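upload_31.pdb follows; it contains PDB, C-alpha atoms.
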ATOM      1  CA  MET A  38     -12.108  21.416 -11.387
ATOM      2  CA  PRO A  39      -9.071  19.955 -13.117
ATOM      3  CA  GLN A  40      -7.469  22.290 -15.608
ATOM      4  CA  GLU A  41      -6.208  21.762 -19.159
ATOM      5  CA  SER A  42      -2.731  21.647 -17.590
ATOM      6  CA  ASP A  43      -3.763  18.626 -15.478
ATOM      7  CA  TYR A  44      -4.700  16.720 -18.590
ATOM      8  CA  GLU A  45      -1.405  17.691 -20.226
ATOM      9  CA  LYS A  46       0.454  16.607 -17.109
ATOM     10  CA  LEU A  47      -1.252  13.223 -17.156
ATOM     11  CA  ARG A  48      -0.327  12.716 -20.813
ATOM     12  CA  GLU A  49       3.283  13.644 -20.074
ATOM     13  CA  MET A  50       3.434  11.311 -17.077
ATOM     14  CA  ILE A  51       2.193   8.269 -18.940
ATOM     15  CA  LYS A  52       4.312   8.952 -22.042
ATOM     16  CA  ASP A  53       7.350   9.417 -19.821
ATOM     17  CA  ILE A  54       6.786   6.276 -17.719
ATOM     18  CA  ASP A  55       5.742   4.168 -20.757
ATOM     19  CA  LEU A  56       5.802   0.747 -19.118
ATOM     20  CA  CYS A  57       2.591  -0.038 -17.309
ATOM     21  CA  MET A  58       0.572  -2.912 -15.912
ATOM     22  CA  LEU A  59      -2.597  -3.832 -17.788
ATOM     23  CA  THR A  60      -5.147  -5.519 -15.527
ATOM     24  CA  THR A  61      -7.870  -7.687 -17.029
ATOM     25  CA  VAL A  62     -10.566  -9.990 -15.658
ATOM     26  CA  ASP A  63     -10.043 -13.663 -16.482
ATOM     27  CA  GLU A  64     -12.549 -16.470 -16.972
ATOM     28  CA  SER A  65     -12.568 -17.158 -13.197
ATOM     29  CA  ASP A  66     -13.222 -13.463 -12.435
ATOM     30  CA  ASP A  67      -9.664 -13.187 -11.098
ATOM     31  CA  LEU A  68      -7.942  -9.884 -11.824
ATOM     32  CA  HIS A  69      -4.492 -10.252 -13.253
ATOM     33  CA  SER A  70      -1.974  -7.964 -14.805
ATOM     34  CA  ARG A  71       1.086  -8.007 -17.005
ATOM     35  CA  PRO A  72       3.650  -5.400 -18.036
ATOM     36  CA  MET A  73       2.930  -3.629 -21.319
ATOM     37  CA  SER A  74       4.731  -0.938 -23.253
ATOM     38  CA  LEU A  75       2.589   1.979 -24.405
ATOM     39  CA  ASN A  76       5.241   3.284 -26.835
ATOM     40  CA  GLY A  77       3.801   6.775 -26.413
ATOM     41  CA  ASP A  78       0.617   5.837 -28.225
ATOM     42  CA  VAL A  79      -2.001   8.138 -26.743
ATOM     43  CA  ASP A  80      -4.197   9.603 -29.465
ATOM     44  CA  GLU A  81      -5.993  12.950 -29.722
ATOM     45  CA  GLU A  82      -9.134  11.529 -28.109
ATOM     46  CA  GLY A  83      -7.116  10.271 -25.126
ATOM     47  CA  ASN A  84      -7.330   6.587 -26.136
ATOM     48  CA  LEU A  85      -4.394   4.305 -25.377
ATOM     49  CA  TRP A  86      -3.119   1.919 -28.061
ATOM     50  CA  PHE A  87      -1.074  -1.216 -27.377
ATOM     51  CA  PHE A  88       0.206  -3.922 -29.680
ATOM     52  CA  THR A  89      -0.832  -7.474 -28.853
ATOM     53  CA  SER A  90      -1.229 -10.857 -30.444
ATOM     54  CA  SER A  91      -4.818 -11.707 -31.310
ATOM     55  CA  ASN A  92      -4.028 -15.210 -29.974
ATOM     56  CA  SER A  93      -2.997 -13.939 -26.548
ATOM     57  CA  HIS A  94      -4.753 -14.760 -23.328
ATOM     58  CA  LYS A  95      -5.637 -11.101 -22.732
ATOM     59  CA  ALA A  96      -7.317 -10.902 -26.150
ATOM     60  CA  SER A  97      -9.835 -13.566 -25.157
ATOM     61  CA  GLU A  98     -10.203 -12.022 -21.699
ATOM     62  CA  ILE A  99     -11.197  -8.585 -22.996
ATOM     63  CA  GLU A 100     -13.688 -10.151 -25.383
ATOM     64  CA  ARG A 101     -15.407 -11.651 -22.342
ATOM     65  CA  THR A 102     -14.933  -8.644 -20.021
ATOM     66  CA  PRO A 103     -13.790  -5.398 -21.666
ATOM     67  CA  ASN A 104     -13.268  -3.514 -18.380
ATOM     68  CA  VAL A 105      -9.553  -2.974 -17.780
ATOM     69  CA  ASN A 106      -7.180  -0.916 -15.685
ATOM     70  CA  VAL A 107      -3.875   0.531 -16.838
ATOM     71  CA  SER A 108      -1.477   1.502 -14.026
ATOM     72  CA  PHE A 109       1.717   3.477 -14.386
ATOM     73  CA  ILE A 110       4.309   3.683 -11.601
ATOM     74  CA  ASP A 111       7.445   5.797 -11.531
ATOM     75  CA  SER A 112       8.800   4.796  -8.147
ATOM     76  CA  ARG A 113      11.786   7.148  -8.295
ATOM     77  CA  ARG A 114       9.621  10.250  -8.783
ATOM     78  CA  GLN A 115       6.646   8.797  -6.917
ATOM     79  CA  HIS A 116       4.287   9.279  -9.831
ATOM     80  CA  TYR A 117       1.278   6.941  -9.963
ATOM     81  CA  VAL A 118      -1.474   6.822 -12.576
ATOM     82  CA  SER A 119      -4.655   4.739 -12.661
ATOM     83  CA  ILE A 120      -6.651   4.607 -15.864
ATOM     84  CA  SER A 121     -10.000   2.805 -15.977
ATOM     85  CA  GLY A 122     -11.298   2.008 -19.405
ATOM     86  CA  MET A 123     -12.857  -0.340 -21.879
ATOM     87  CA  ALA A 124     -10.618  -2.422 -24.112
ATOM     88  CA  GLU A 125     -11.265  -3.738 -27.589
ATOM     89  CA  LEU A 126      -9.192  -5.528 -30.206
ATOM     90  CA  VAL A 127      -8.649  -3.605 -33.434
ATOM     91  CA  HIS A 128      -7.465  -5.424 -36.557
ATOM     92  CA  ASP A 129      -7.261  -2.364 -38.847
ATOM     93  CA  LYS A 130      -4.085  -2.916 -40.924
ATOM     94  CA  GLU A 131      -3.774   0.800 -41.743
ATOM     95  CA  LYS A 132      -3.756   1.694 -38.055
ATOM     96  CA  ILE A 133      -1.323  -1.144 -37.299
ATOM     97  CA  LYS A 134       1.097   0.216 -39.895
ATOM     98  CA  GLU A 135       0.641   3.788 -38.673
ATOM     99  CA  LEU A 136       1.607   2.830 -35.097
ATOM    100  CA  TRP A 137       4.232   0.169 -35.941
ATOM    101  CA  LYS A 138       7.719   0.657 -34.479
ATOM    102  CA  PRO A 139      10.879  -1.375 -35.224
ATOM    103  CA  VAL A 140      11.232  -2.425 -31.550
ATOM    104  CA  LEU A 141       8.037  -4.500 -31.971
ATOM    105  CA  LYS A 142      10.001  -6.992 -34.079
ATOM    106  CA  ALA A 143      11.073  -8.592 -30.775
ATOM    107  CA  TRP A 144       7.505  -9.909 -30.451
ATOM    108  CA  PHE A 145       6.385  -9.961 -34.087
ATOM    109  CA  PRO A 146       9.436 -11.034 -36.132
ATOM    110  CA  ASP A 147       7.478 -10.937 -39.405
ATOM    111  CA  GLY A 148       6.555  -7.284 -38.902
ATOM    112  CA  PRO A 149       3.194  -5.528 -39.105
ATOM    113  CA  ASP A 150       1.835  -7.973 -41.684
ATOM    114  CA  GLN A 151       2.202 -10.949 -39.315
ATOM    115  CA  PRO A 152      -1.337 -12.383 -39.191
ATOM    116  CA  ASP A 153      -1.792 -12.282 -35.407
ATOM    117  CA  VAL A 154      -0.679  -8.659 -34.954
ATOM    118  CA  ALA A 155      -3.535  -6.659 -33.464
ATOM    119  CA  LEU A 156      -4.073  -3.467 -31.522
ATOM    120  CA  LEU A 157      -5.595  -3.266 -28.116
ATOM    121  CA  LYS A 158      -7.423   0.049 -27.833
ATOM    122  CA  VAL A 159      -8.335   1.337 -24.380
ATOM    123  CA  THR A 160     -11.078   3.961 -24.274
ATOM    124  CA  VAL A 161     -10.597   5.847 -21.026
ATOM    125  CA  ASN A 162     -13.509   6.195 -18.602
ATOM    126  CA  LYS A 163     -11.581   7.713 -15.747
ATOM    127  CA  ALA A 164      -8.015   8.704 -14.990
ATOM    128  CA  GLU A 165      -6.414   9.554 -11.683
ATOM    129  CA  TYR A 166      -2.892  10.505 -10.821
ATOM    130  CA  TRP A 167      -0.797  11.034  -7.728
ATOM    131  CA  ASP A 168       2.445  12.934  -7.759
ATOM    132  CA  GLY A 169       3.430  13.343  -4.151
ATOM    133  CA  PRO A 170       5.897  11.714  -1.823
ATOM    134  CA  SER A 171       4.496   8.486  -0.452
ATOM    135  CA  SER A 172       4.907   9.500   3.151
ATOM    136  CA  THR A 173       2.540  12.447   2.943
ATOM    137  CA  ILE A 174      -1.093  12.777   2.037
ATOM    138  CA  ALA A 175      -1.355  12.385  -1.712
ATOM    139  CA  GLN A 176      -3.976  14.024  -3.854
ATOM    140  CA  ALA A 177      -5.550  12.638  -6.946
ATOM    141  CA  ILE A 178      -7.293  14.406  -9.741
ATOM    142  CA  SER A 179      -9.775  12.313 -11.591
ATOM    143  CA  PHE A 180     -11.633  13.236 -14.706
ATOM    144  CA  VAL A 181     -13.706  11.596 -17.321
ATOM    145  CA  SER A 182     -12.000  11.667 -20.665
ATOM    146  CA  ALA A 183     -14.932  10.118 -22.517
ATOM    147  CA  ILE A 184     -15.972  13.736 -23.075
ATOM    148  CA  ILE A 185     -12.621  14.690 -24.534
ATOM    149  CA  THR A 186     -12.955  15.177 -28.255
ATOM    150  CA  GLY A 187     -10.027  16.417 -30.280
ATOM    151  CA  LYS A 188      -8.571  19.564 -28.803
ATOM    152  CA  GLN A 189     -11.790  20.355 -26.959
ATOM    153  CA  VAL A 190     -11.279  19.297 -23.379
ATOM    154  CA  GLU A 191     -13.911  19.438 -20.679
ATOM    155  CA  PHE A 192     -13.162  18.063 -17.280
ATOM    156  CA  GLY A 193     -15.273  16.271 -14.722
ATOM    157  CA  GLU A 194     -15.235  16.741 -11.037
ATOM    158  CA  ASN A 195     -12.029  17.267  -9.172
ATOM    159  CA  LYS A 196     -11.683  14.471  -6.649
ATOM    160  CA  LYS A 197      -9.283  14.457  -3.763
ATOM    161  CA  LEU A 198      -8.458  11.131  -2.215
ATOM    162  CA  ASN A 199      -7.288  10.504   1.266
ATOM    163  CA  GLY A 200      -3.792   9.305   0.601
ATOM    164  CA  ILE A 201      -2.327   5.973  -0.232
ATOM    165  CA  SER A 202      -3.364   3.955   2.773
TER     166      SER A 202
ATOM    167  CA  MET B 158       7.928 -26.366 -11.924
ATOM    168  CA  PRO B 159       8.785 -23.287  -9.889
ATOM    169  CA  GLN B 160      11.229 -23.927  -7.081
ATOM    170  CA  GLU B 161      11.264 -22.836  -3.453
ATOM    171  CA  SER B 162      13.802 -20.214  -4.559
ATOM    172  CA  ASP B 163      11.226 -18.709  -6.973
ATOM    173  CA  TYR B 164       8.833 -18.178  -4.105
ATOM    174  CA  GLU B 165      11.599 -16.649  -2.005
ATOM    175  CA  LYS B 166      12.528 -14.377  -4.930
ATOM    176  CA  LEU B 167       8.937 -13.222  -5.284
ATOM    177  CA  ARG B 168       8.758 -12.414  -1.564
ATOM    178  CA  GLU B 169      12.009 -10.469  -1.794
ATOM    179  CA  MET B 170      10.850  -8.560  -4.862
ATOM    180  CA  ILE B 171       7.590  -7.396  -3.324
ATOM    181  CA  LYS B 172       9.154  -6.543   0.031
ATOM    182  CA  ASP B 173      11.886  -4.608  -1.749
ATOM    183  CA  ILE B 174       9.529  -2.685  -4.069
ATOM    184  CA  ASP B 175       6.937  -2.099  -1.295
ATOM    185  CA  LEU B 176       4.755   0.443  -3.095
ATOM    186  CA  CYS B 177       2.201  -1.194  -5.329
ATOM    187  CA  MET B 178      -1.068  -0.534  -7.118
ATOM    188  CA  LEU B 179      -4.156  -2.221  -5.711
ATOM    189  CA  THR B 180      -6.839  -2.729  -8.360
ATOM    190  CA  THR B 181     -10.457  -3.216  -7.326
ATOM    191  CA  VAL B 182     -13.780  -3.434  -9.138
ATOM    192  CA  ASP B 183     -16.117  -0.516  -8.448
ATOM    193  CA  GLU B 184     -19.910  -0.339  -8.420
ATOM    194  CA  SER B 185     -19.952   0.319 -12.187
ATOM    195  CA  ASP B 186     -17.687  -2.700 -12.840
ATOM    196  CA  ASP B 187     -14.853  -0.306 -13.708
ATOM    197  CA  LEU B 188     -11.408  -1.445 -12.608
ATOM    198  CA  HIS B 189      -9.467   1.172 -10.771
ATOM    199  CA  SER B 190      -6.285   1.264  -8.808
ATOM    200  CA  ARG B 191      -4.464   3.349  -6.253
ATOM    201  CA  PRO B 192      -0.963   3.288  -4.767
ATOM    202  CA  MET B 193      -0.624   1.374  -1.517
ATOM    203  CA  SER B 194       2.294   0.649   0.783
ATOM    204  CA  LEU B 195       2.723  -2.979   1.809
ATOM    205  CA  ASN B 196       5.191  -2.152   4.617
ATOM    206  CA  GLY B 197       6.717  -5.599   4.198
ATOM    207  CA  ASP B 198       3.606  -7.291   5.556
ATOM    208  CA  VAL B 199       3.604 -10.688   3.868
ATOM    209  CA  ASP B 200       2.775 -13.410   6.377
ATOM    210  CA  GLU B 201       3.862 -17.044   6.587
ATOM    211  CA  GLU B 202       0.892 -18.188   4.518
ATOM    212  CA  GLY B 203       1.776 -15.719   1.744
ATOM    213  CA  ASN B 204      -1.114 -13.353   2.529
ATOM    214  CA  LEU B 205      -0.586  -9.612   2.012
ATOM    215  CA  TRP B 206      -1.730  -7.177   4.709
ATOM    216  CA  PHE B 207      -2.454  -3.483   4.123
ATOM    217  CA  PHE B 208      -3.763  -0.794   6.410
ATOM    218  CA  THR B 209      -6.885   1.006   5.277
ATOM    219  CA  SER B 210      -9.763   3.030   6.616
ATOM    220  CA  SER B 211     -12.974   1.053   6.996
ATOM    221  CA  ASN B 212     -14.726   4.143   5.581
ATOM    222  CA  SER B 213     -12.679   4.147   2.377
ATOM    223  CA  HIS B 214     -14.075   3.645  -1.076
ATOM    224  CA  LYS B 215     -12.040   0.477  -1.564
ATOM    225  CA  ALA B 216     -13.482  -1.034   1.609
ATOM    226  CA  SER B 217     -16.999  -0.878   0.157
ATOM    227  CA  GLU B 218     -15.721  -2.068  -3.227
ATOM    228  CA  ILE B 219     -14.145  -5.239  -1.874
ATOM    229  CA  GLU B 220     -17.275  -6.024   0.097
ATOM    230  CA  ARG B 221     -19.166  -6.035  -3.207
ATOM    231  CA  THR B 222     -16.403  -7.691  -5.281
ATOM    232  CA  PRO B 223     -13.512  -9.258  -3.343
ATOM    233  CA  ASN B 224     -11.406 -10.040  -6.435
ATOM    234  CA  VAL B 225      -8.373  -7.750  -6.543
ATOM    235  CA  ASN B 226      -5.009  -7.420  -8.214
ATOM    236  CA  VAL B 227      -1.830  -6.150  -6.582
ATOM    237  CA  SER B 228       0.873  -4.991  -9.020
ATOM    238  CA  PHE B 229       4.456  -4.135  -8.167
ATOM    239  CA  ILE B 230       6.737  -2.300 -10.588
ATOM    240  CA  ASP B 231      10.433  -1.550 -10.149
ATOM    241  CA  SER B 232      11.081   0.284 -13.400
ATOM    242  CA  ARG B 233      14.809   0.721 -12.755
ATOM    243  CA  ARG B 234      15.445  -3.009 -12.365
ATOM    244  CA  GLN B 235      12.578  -4.008 -14.651
ATOM    245  CA  HIS B 236      10.904  -6.160 -12.054
ATOM    246  CA  TYR B 237       7.142  -6.656 -12.418
ATOM    247  CA  VAL B 238       4.833  -8.648 -10.183
ATOM    248  CA  SER B 239       1.137  -9.445 -10.601
ATOM    249  CA  ILE B 240      -0.746 -10.931  -7.684
ATOM    250  CA  SER B 241      -4.361 -12.060  -8.084
ATOM    251  CA  GLY B 242      -6.250 -12.582  -4.893
ATOM    252  CA  MET B 243      -9.313 -12.162  -2.753
ATOM    253  CA  ALA B 244      -9.510  -9.229  -0.360
ATOM    254  CA  GLU B 245     -11.335  -8.942   2.933
ATOM    255  CA  LEU B 246     -11.497  -6.351   5.691
ATOM    256  CA  VAL B 247     -10.158  -7.482   9.057
ATOM    257  CA  HIS B 248     -11.038  -5.528  12.194
ATOM    258  CA  ASP B 249      -9.012  -7.648  14.661
ATOM    259  CA  LYS B 250      -7.470  -5.106  17.082
ATOM    260  CA  GLU B 251      -4.721  -7.551  18.137
ATOM    261  CA  LYS B 252      -3.600  -7.975  14.527
ATOM    262  CA  ILE B 253      -3.828  -4.225  13.922
ATOM    263  CA  LYS B 254      -1.515  -3.593  16.877
ATOM    264  CA  GLU B 255       0.854  -6.368  15.798
ATOM    265  CA  LEU B 256       1.303  -4.835  12.326
ATOM    266  CA  TRP B 257       1.139  -1.143  13.339
ATOM    267  CA  LYS B 258       4.107   1.057  12.372
ATOM    268  CA  PRO B 259       4.754   4.675  13.402
ATOM    269  CA  VAL B 260       4.722   5.875   9.749
ATOM    270  CA  LEU B 261       0.987   5.052   9.646
ATOM    271  CA  LYS B 262       0.309   8.073  11.864
ATOM    272  CA  ALA B 263       0.328  10.127   8.638
ATOM    273  CA  TRP B 264      -3.042   8.520   7.798
ATOM    274  CA  PHE B 265      -4.304   7.603  11.255
ATOM    275  CA  PRO B 266      -3.215  10.416  13.605
ATOM    276  CA  ASP B 267      -4.926   8.791  16.609
ATOM    277  CA  GLY B 268      -2.908   5.599  16.187
ATOM    278  CA  PRO B 269      -4.010   1.965  16.049
ATOM    279  CA  ASP B 270      -7.017   2.588  18.303
ATOM    280  CA  GLN B 271      -8.572   5.060  15.849
ATOM    281  CA  PRO B 272     -12.047   3.571  15.211
ATOM    282  CA  ASP B 273     -11.814   3.385  11.412
ATOM    283  CA  VAL B 274      -8.402   1.637  11.285
ATOM    284  CA  ALA B 275      -8.780  -1.708   9.560
ATOM    285  CA  LEU B 276      -6.646  -4.239   7.749
ATOM    286  CA  LEU B 277      -7.139  -5.288   4.182
ATOM    287  CA  LYS B 278      -6.016  -8.895   3.845
ATOM    288  CA  VAL B 279      -5.304 -10.271   0.385
ATOM    289  CA  THR B 280      -5.330 -14.060   0.072
ATOM    290  CA  VAL B 281      -3.257 -14.873  -2.994
ATOM    291  CA  ASN B 282      -4.742 -17.042  -5.733
ATOM    292  CA  LYS B 283      -1.955 -16.606  -8.250
ATOM    293  CA  ALA B 284       1.312 -14.730  -8.507
ATOM    294  CA  GLU B 285       3.449 -14.021 -11.536
ATOM    295  CA  TYR B 286       6.678 -12.152 -11.898
ATOM    296  CA  TRP B 287       8.884 -10.880 -14.660
ATOM    297  CA  ASP B 288      12.475  -9.917 -14.124
ATOM    298  CA  GLY B 289      13.903  -9.305 -17.548
ATOM    299  CA  PRO B 290      14.771  -6.263 -19.585
ATOM    300  CA  SER B 291      11.710  -4.873 -21.304
ATOM    301  CA  SER B 292      13.173  -5.119 -24.780
ATOM    302  CA  THR B 293      13.564  -8.889 -24.741
ATOM    303  CA  ILE B 294      11.138 -11.719 -24.270
ATOM    304  CA  ALA B 295      10.262 -11.864 -20.602
ATOM    305  CA  GLN B 296       9.284 -14.991 -18.761
ATOM    306  CA  ALA B 297       6.825 -15.296 -15.970
ATOM    307  CA  ILE B 298       6.510 -17.937 -13.362
ATOM    308  CA  SER B 299       3.083 -18.301 -11.912
ATOM    309  CA  PHE B 300       2.058 -20.417  -9.029
ATOM    310  CA  VAL B 301      -0.852 -20.855  -6.738
ATOM    311  CA  SER B 302       0.009 -19.885  -3.211
ATOM    312  CA  ALA B 303      -3.359 -20.912  -1.774
ATOM    313  CA  ILE B 304      -1.621 -24.230  -1.140
ATOM    314  CA  ILE B 305       1.209 -22.606   0.763
ATOM    315  CA  THR B 306       0.941 -23.347   4.445
ATOM    316  CA  GLY B 307       3.629 -22.268   6.818
ATOM    317  CA  LYS B 308       7.032 -23.382   5.632
ATOM    318  CA  GLN B 309       5.514 -26.108   3.500
ATOM    319  CA  VAL B 310       5.498 -24.831  -0.052
ATOM    320  CA  GLU B 311       4.038 -26.654  -3.015
ATOM    321  CA  PHE B 312       3.990 -25.013  -6.373
ATOM    322  CA  GLY B 313       1.539 -25.091  -9.230
ATOM    323  CA  GLU B 314       2.337 -25.247 -12.867
ATOM    324  CA  ASN B 315       5.196 -23.287 -14.301
ATOM    325  CA  LYS B 316       3.804 -20.950 -16.920
ATOM    326  CA  LYS B 317       5.844 -19.099 -19.461
ATOM    327  CA  LEU B 318       4.280 -16.088 -21.088
ATOM    328  CA  ASN B 319       5.082 -14.659 -24.428
ATOM    329  CA  GLY B 320       6.693 -11.399 -23.454
ATOM    330  CA  ILE B 321       5.315  -8.057 -22.523
ATOM    331  CA  SER B 322       3.539  -7.079 -25.718
TER     332      SER B 322
END
Entire entry expressed as structure tokens:
Amino acid sequence: MPQESDYEKLREMIKDIDLCMLTTVDESDDLHSRPMSLNGDVDEEGNLWFFTSSNSHKASEIERTPNVNVSFIDSRRQHYVSISGMAELVHDKEKIKELWKPVLKAWFPDGPDQPDVALLKVTVNKAEYWDGPSSTIAQAISFVSAIITGKQVEFGENKKLNGIS
Amino acid sequence: MPQESDYEKLREMIKDIDLCMLTTVDESDDLHSRPMSLNGDVDEEGNLWFFTSSNSHKASEIERTPNVNVSFIDSRRQHYVSISGMAELVHDKEKIKELWKPVLKAWFPDGPDQPDVALLKVTVNKAEYWDGPSSTIAQAISFVSAIITGKQVEFGENKKLNGIS
């Protein structure tokens, strides 16, 4: 069984790595990904929050198919994280202002009130991480965070995978 | 239009990064990923070749849904690659021996003749890469490599994306 410390470790890993690849399913059922910055936005329930334009290609993709993957790689430390979840667009202006950071002006020059600013919320179904050297058998701990509410954390089954091959 | 040099750059980037995340669709339609080593195995047609066990979870996943994504991240240099493709298991013993490398003994202690050794071939539908600093607007060049045969390279439409947000 994964421990509370595993969950904390996962949070630390993804906050530390920050830049990730978000994979979505397009209208041809192709899977494609693009780099995204998380900006540390993991909430108490374990949801991930990204900024996006409501006019973006990925916005229409997740409306058609909400299933997404978020992958984090720290190649130097050989940390790898896979998060499977369901994505939705959130247009809540209060939440947008709460999470807004000045660096976002590079994409939204008019700030948080720019009409197309939206949030992409990922509700996590399953998370796995690997933190071993690539040349040895890696282990992954997976757990369902849908059952994580507030500070109350219950973990699913500990799952060991057979390495990276 | 992407140039021959763009294709060469993409090949160099993925060979240089090597470790990637392979995203598949599971039996619940969840997208999940795991680290994989490419070992430099990109062939003349632009196909990617990975070693895997024919008993692995991903082997059964790609039989159900062959659509996959392969993502490469070099966080230090801020290089990101997304490859959309179709995966298939290949059991050709000649090809397995051709691509075999001693490092694979960590996963297949009995060597290339171990019964469950298989190849996972990814035929590329689309590739995109980003090679800019994360804080500025990144550009991506995407092209269809299904039309790449041997040394004859024709590129699809040049596509510029709107950054990493």
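Those residues of chain A that fall within 7 Å of chain B when using only C-alpha atoms read Asp67, Leu68, His69, Ser70, Arg71, Pro72, Met73, Ser74, Phe88, Thr89, Asn104, Val105, Asn106, Ile110, Asp111, Ser112, Tyr117, Ser119, Ile120, Ser121, Ala143, Trp144, Thr173, Ile201 and Ser202 of chain A.
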Expected file: the selected residues, C-alpha atoms, as a PDB file, keeping the file's coordinate frame:
ATOM      1  CA  ASP A  67      -9.664 -13.187 -11.098  1.00  0.00           C
ATOM      2  CA  LEU A  68      -7.942  -9.884 -11.824  1.00  0.00           C
ATOM      3  CA  HIS A  69      -4.492 -10.252 -13.253  1.00  0.00           C
ATOM      4  CA  SER A  70      -1.974  -7.964 -14.805  1.00  0.00           C
ATOM      5  CA  ARG A  71       1.086  -8.007 -17.005  1.00  0.00           C
ATOM      6  CA  PRO A  72       3.650  -5.400 -18.036  1.00  0.00           C
ATOM      7  CA  MET A  73       2.930  -3.629 -21.319  1.00  0.00           C
ATOM      8  CA  SER A  74       4.731  -0.938 -23.253  1.00  0.00           C
ATOM      9  CA  PHE A  88       0.206  -3.922 -29.680  1.00  0.00           C
ATOM     10  CA  THR A  89      -0.832  -7.474 -28.853  1.00  0.00           C
ATOM     11  CA  ASN A 104     -13.268  -3.514 -18.380  1.00  0.00           C
ATOM     12  CA  VAL A 105      -9.553  -2.974 -17.780  1.00  0.00           C
ATOM     13  CA  ASN A 106      -7.180  -0.916 -15.685  1.00  0.00           C
ATOM     14  CA  ILE A 110       4.309   3.683 -11.601  1.00  0.00           C
ATOM     15  CA  ASP A 111       7.445   5.797 -11.531  1.00  0.00           C
ATOM     16  CA  SER A 112       8.800   4.796  -8.147  1.00  0.00           C
ATOM     17  CA  TYR A 117       1.278   6.941  -9.963  1.00  0.00           C
ATOM     18  CA  SER A 119      -4.655   4.739 -12.661  1.00  0.00           C
ATOM     19  CA  ILE A 120      -6.651   4.607 -15.864  1.00  0.00           C
ATOM     20  CA  SER A 121     -10.000   2.805 -15.977  1.00  0.00           C
ATOM     21  CA  ALA A 143      11.073  -8.592 -30.775  1.00  0.00           C
ATOM     22  CA  TRP A 144       7.505  -9.909 -30.451  1.00  0.00           C
ATOM     23  CA  THR A 173       2.540  12.447   2.943  1.00  0.00           C
ATOM     24  CA  ILE A 201      -2.327   5.973  -0.232  1.00  0.00           C
ATOM     25  CA  SER A 202      -3.364   3.955   2.773  1.00  0.00           C
TER      26      SER A 202
END
note - atom CA of B:Lys172 and atom CA of B:Val199 are separated by 7.9 Å
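Nearest residue to B:Val281 among B:Leu205, B:Leu246, B:Leu167, B:Ile219 is B:Leu205, counting only C-alpha atoms.
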Measure the distance from atom CA of A:Leu157 to atom CA of B:Glu218 in Å and round it to one decimal. 26.9 Å
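In this comparison, which uses all atoms listed in the file, the residue of B:Asp288, B:Glu251, B:Asp173, B:Glu165 approaching B:Arg234 most closely is B:Asp288.
Counting all atoms listed in the file and comparing B:Ser211, B:Asn204, B:Asn196, B:Gln271, the residue that lies closest to B:Val247 is B:Ser211.
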For the atom pair atom CA of B:Leu276 and atom CA of B:Ile253, what is the interatomic distance in Å to one decimal place? 6.8 Å
How would stretch 181-189 of chain B of the given structure read as a file with N, CA, C and O atoms, as a tab-separated table (two decimals), in the first residue's frame?
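Final file, selection.tsv:
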chain	number	residue	atom	x	y	z
B	181	THR	N	-0.43	5.31	-23.96
B	181	THR	CA	-1.37	4.38	-24.59
B	181	THR	C	-2.76	4.59	-23.99
B	181	THR	O	-2.91	5.27	-22.97
B	182	VAL	N	-3.74	3.98	-24.63
B	182	VAL	CA	-5.12	4.05	-24.14
B	182	VAL	C	-5.44	2.70	-23.50
B	182	VAL	O	-5.29	1.66	-24.15
B	183	ASP	N	-5.88	2.71	-22.25
B	183	ASP	CA	-6.14	1.43	-21.59
B	183	ASP	C	-7.60	0.99	-21.78
B	183	ASP	O	-8.38	1.63	-22.49
B	184	GLU	N	-7.95	-0.12	-21.15
B	184	GLU	CA	-9.26	-0.73	-21.37
B	184	GLU	C	-10.41	0.12	-20.81
B	184	GLU	O	-11.57	-0.09	-21.17
B	185	SER	N	-10.07	1.13	-19.98
B	185	SER	CA	-11.10	2.05	-19.49
B	185	SER	C	-11.09	3.37	-20.26
B	185	SER	O	-11.72	4.34	-19.83
B	186	ASP	N	-10.34	3.41	-21.36
B	186	ASP	CA	-10.14	4.63	-22.15
B	186	ASP	C	-9.32	5.68	-21.42
B	186	ASP	O	-9.27	6.84	-21.84
B	187	ASP	N	-8.70	5.32	-20.30
B	187	ASP	CA	-7.75	6.22	-19.65
B	187	ASP	C	-6.46	6.25	-20.46
B	187	ASP	O	-6.05	5.23	-21.05
B	188	LEU	N	-5.83	7.42	-20.48
B	188	LEU	CA	-4.53	7.55	-21.14
B	188	LEU	C	-3.45	7.41	-20.09
B	188	LEU	O	-3.45	8.16	-19.09
B	189	HIS	N	-2.57	6.46	-20.27
B	189	HIS	CA	-1.45	6.46	-19.32
B	189	HIS	C	-0.14	6.21	-20.01
B	189	HIS	O	-0.07	5.74	-21.14
